[in-house]
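The block underneath contains the structure these notes are about, expressed in structure tokens.
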Amino acid sequence: MDTSLIVIIAVVAIVFIIFIGMYNNLIRKRNEVDNAFGGMDVQLKKRYDLIPNLVSTVKQYATHEKELLTKVTEMRAKATSSNMSPDEKVALDNQISAGMKSIMVAVENYPDLKANENFMNLQRTLNEVESQISAARRTYNAVITDYNNAIQTFPSNIMAGMMSLKHKEVFVIPETERQNVDVKNLFN
Amino acid sequence: MINKEELQSLFENELKNKLSGLESMRKHVAKRILGGIALIALPIMLGGALFITIEEKNIESLQWLVKILPFVIIALIITGIVLLILNRKRKKEYRHRYKNEVVHEVVKAIDPEWSYAPDDRISQSEYYSSDMFRQHFDRYKGDDLISGTIEKTDFRCSELHTEYKDVTYDKDGNRQERWVTIFKGLFFHADFNKNIEAKTYVEPDTAERLLGKFGQKLQMSSKGKLVKLENPEFEKIFAVFSTNQTEARYILTPAIMEALVNIYKIYKRRMYLSFIGSRVHVAMSFKKDLFEPKIFTSGVKYEDVEFMFNLFMMNATIIHELNLNTRIWTKE
């Protein structure tokens with residue numbers, strides 16, 4: 001066989017193998033993103049499951065916080081019932097986070113509630129879920145960054161263009177959450 | 001728990017006296033070691049020299065000396081060896097007293113509730129369950145076991161040295177053996193304040209420190225997938241592997257990462273950590289033997305006591321920095 005023909009076949013084969021590698025790599029990264037989002041969703045659901053319990057316990061003692069409790073319950077119902085896009089889910093979740101924080105701050109006014117064993121257990125579980133959520137968010141951000149790097153850097157960006165993979169947004173913690181809760185301000 | 005000033009006064013008021021009492025014993029041991037070595041080395045050198053001189057110059061009148069010289073040399077060497085063997089017992093006794101009277105006092109000063117066993121060590125099953133060093137060991141040594149609790153967190157810590165035997169054959173087929181250290185230093189484990197299901201390992205990061213971002217690509221381990229974390233300073237010092245990416249982040253929160261960087265800055269040692277079962281394991285490498293008395297230099301030194309104190313405080317530092325006493329999560 002002609003040597004040049006062999007060379008051409010070899011080059012084509014190598015390019016083909018590289019393309020397969022890039023394709024698989026990108027698919028794997030995209031799946032990791034989906035998987036990480038799923039992991040976060042699981043944790044968020046755990047928090048939704050805690051809300052009814054928390055609300056009913058707090059209600060017994062904190063009679064003046066009805067409005068706040070109703071609001072959080074409504075948000076929870078919305079989050080669990082409808083099919084939302086990831087972005088909407090994230091936005092609603094941020095609101096729920098803020099609501100939960102307000103409840104926890106309000107609780108400071110009710111020493112009996114704070115001493116209630118059931119409530120203390122709930123608080124522990126909530127801390128647990130919150131740290132799981134934050135870990136899941138960080139995982140999500142890490143895999144998204146990996147994915148974004150892959151689809152934007154050469155040469156895999158060519159392949160990503162052909163597969164029409166889109167840039168995805170990382171999680172940004174809203175400004176309200178990033179600040180430490182200023183308890184004094186809350187009571188002004 | 002005492003601070004540095006209190007340690008200084010403890011040293012001036014109590015330990016110094018005890019150490020001075022031990023000093024004569026130390027000198028005695030040192031003298032005997034030197035004597036024993038001299039009894040072995042000098043006859044070989046002097047006798048050998050004498051032997052060669054007599055033979056070369058062919059001094060007839062001293063030929064009788066050549067005949068008895070080997071016996072004299074052998075007799076002296078045996079005396080030297082006997083002296084060294086007898087001295088081992090004294091050396092042991094010195095070490096024993098040093099550990100009981102000095103090291104134990106320092107431990108007690110830090111926390112009277114802590115227990116100290118000079119000849120005990122972290123068990124092999126504890127070492128195995130940390131899963132930090134998977135290389136099979138042939139020799140397992142260690143001493144100075146300390147255990148206790150700091151508030152809600154119980155811990156165990158000891159010096160440890162594990163080695164394996166490396167056998168090679170050179171081109172003539174001669175068997176060569178050498179002992180290779182797997183780990184030498186302080187081994188510590190404590191109750192972790194969160195529930196752990198997966199396995200997460202933190203190891204010194206050589207590749208990334210030398211090669212930067214490219215080095216990160218080379219990081220691989222059979223222990224799990226590489227976990228890329230957000231703290232650049234932490235990433236330069238450590239590489240993290242885990243069987244569960246999210247749990248690794250649940251354990252290594254931004255605060256914990258910062259704490260590990262702090263601990264590294266305090267001790268500046270190669271550090272290995274693993275989070276397995278309900279415990280955090282920490283292994284900190286040291287080249288020299290720790291908590292051992294010196295034989296040939298004075299034992300009455302504040303610096304030695306301070307060094308010892310700093311090592312024991314490592315237990316408290318890790319527990320404090322990692323906030324292991326904070327029990328706000330579901331694990332009590």
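Chain labels follow the order of the structure tokens: the first chain is A, the next B, and so on; residue numbering restarts at 1 in every chain, and ligands are counted from 1 in their shown order.
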
Test item: residues at most 10 Å from Asn118 of chain A, only C-alpha atoms, excluding those fewer than 6 positions along its chain, as a list of chain:residue names: A:Asn53, A:Leu54, A:Thr57

Find the residues near Ala77 of chain A: any atom within 12 Å, counting only C-alpha atoms, skip ones fewer than 2 places away on the same chain, and give them as a PyMOL selection string. chain A and resi 45+48-49+51-52+70-75+79-83+92-93+96

Take the residues from that selection and write them out as a PDB file, in the first residue's frame, keeping C-alpha atoms.
```
ATOM      1  CA  LYS A  45     -36.437  18.271  49.663  1.00  0.00           C
ATOM      2  CA  TYR A  48     -39.013  21.075  52.749  1.00  0.00           C
ATOM      3  CA  ASP A  49     -39.919  17.993  54.788  1.00  0.00           C
ATOM      4  CA  ILE A  51     -40.816  22.820  57.440  1.00  0.00           C
ATOM      5  CA  PRO A  52     -44.262  21.484  58.533  1.00  0.00           C
ATOM      6  CA  THR A  70     -47.860  31.127  56.961  1.00  0.00           C
ATOM      7  CA  LYS A  71     -45.567  32.687  54.392  1.00  0.00           C
ATOM      8  CA  VAL A  72     -42.960  29.962  54.768  1.00  0.00           C
ATOM      9  CA  THR A  73     -45.630  27.260  54.591  1.00  0.00           C
ATOM     10  CA  GLU A  74     -46.991  28.755  51.380  1.00  0.00           C
ATOM     11  CA  MET A  75     -43.553  28.880  49.817  1.00  0.00           C
ATOM     12  CA  ALA A  79     -41.778  24.429  45.921  1.00  0.00           C
ATOM     13  CA  THR A  80     -43.029  20.891  46.366  1.00  0.00           C
ATOM     14  CA  SER A  81     -46.040  20.991  44.062  1.00  0.00           C
ATOM     15  CA  SER A  82     -45.060  22.656  40.806  1.00  0.00           C
ATOM     16  CA  ASN A  83     -42.522  21.704  38.182  1.00  0.00           C
ATOM     17  CA  LEU A  92     -37.620  30.184  45.480  1.00  0.00           C
ATOM     18  CA  ASP A  93     -35.178  28.270  47.589  1.00  0.00           C
ATOM     19  CA  ILE A  96     -37.275  29.923  51.790  1.00  0.00           C
TER      20      ILE A  96
END
```

Using DSSP on the backbone coordinates, identify the residues of segment 13-248 of chain B assigned to strand (DSSP E or B); present them as a ChimeraX atom specification. /B:115-117,139-150,153-169,175-191,200-204,225-227,238-242

Extract the full set of helix (DSSP H, G or I) residues from segment 5-189 of chain B according to DSSP on the backbone, and format it as a PyMOL selection string. chain B and resi 5-57+60-110+124-130

Residue list for chain A near chain B as a PyMOL selection string, 10 Å, only C-alpha atoms: chain A and resi 36+39-40+120-143+146

For those residues, write C-alpha atoms to a file as an mmCIF file, in the first residue's frame.
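Wrote selection-v4.cif, looks like this:
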```cif
data_model
loop_
_atom_site.group_PDB
_atom_site.id
_atom_site.type_symbol
_atom_site.label_atom_id
_atom_site.label_comp_id
_atom_site.auth_asym_id
_atom_site.auth_seq_id
_atom_site.Cartn_x
_atom_site.Cartn_y
_atom_site.Cartn_z
ATOM 1 C CA ALA A 36 -24.931 17.385 41.194
ATOM 2 C CA GLY A 39 -27.936 15.821 44.779
ATOM 3 C CA MET A 40 -28.804 19.368 45.701
ATOM 4 C CA MET A 120 -33.875 21.535 69.806
ATOM 5 C CA ASN A 121 -33.901 18.335 67.784
ATOM 6 C CA LEU A 122 -35.449 20.177 64.891
ATOM 7 C CA GLN A 123 -32.798 22.828 65.118
ATOM 8 C CA ARG A 124 -30.051 20.230 64.968
ATOM 9 C CA THR A 125 -31.628 18.534 61.994
ATOM 10 C CA LEU A 126 -32.014 21.868 60.313
ATOM 11 C CA ASN A 127 -28.348 22.725 60.876
ATOM 12 C CA GLU A 128 -27.499 19.341 59.433
ATOM 13 C CA VAL A 129 -29.618 19.889 56.336
ATOM 14 C CA GLU A 130 -28.301 23.412 55.886
ATOM 15 C CA SER A 131 -24.703 22.221 55.867
ATOM 16 C CA GLN A 132 -25.615 19.416 53.494
ATOM 17 C CA ILE A 133 -27.265 21.952 51.219
ATOM 18 C CA SER A 134 -24.244 24.188 51.266
ATOM 19 C CA ALA A 135 -21.960 21.224 50.497
ATOM 20 C CA ALA A 136 -24.238 20.196 47.638
ATOM 21 C CA ARG A 137 -24.200 23.749 46.277
ATOM 22 C CA ARG A 138 -20.422 23.820 46.359
ATOM 23 C CA THR A 139 -20.276 20.498 44.534
ATOM 24 C CA TYR A 140 -22.713 21.869 41.975
ATOM 25 C CA ASN A 141 -20.535 24.949 41.457
ATOM 26 C CA ALA A 142 -17.388 22.845 41.137
ATOM 27 C CA VAL A 143 -18.819 20.559 38.454
ATOM 28 C CA ASP A 146 -15.441 22.113 35.213
#
```

Of the candidates A:Val42, A:Val107, A:Ile17, A:Ala98, which shows the shortest atom-to-atom distance to Tyr61 of chain A, using only C-alpha atoms?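 The shortest atom-to-atom distance to Tyr61 of chain A comes from A:Val107.
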
For Lys89 of chain A, the nearest of the candidates A:Met163, A:Ile18, A:Phe171, A:Lys66, counting only C-alpha atoms: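 The shortest atom-to-atom distance to Lys89 of chain A comes from A:Phe171.
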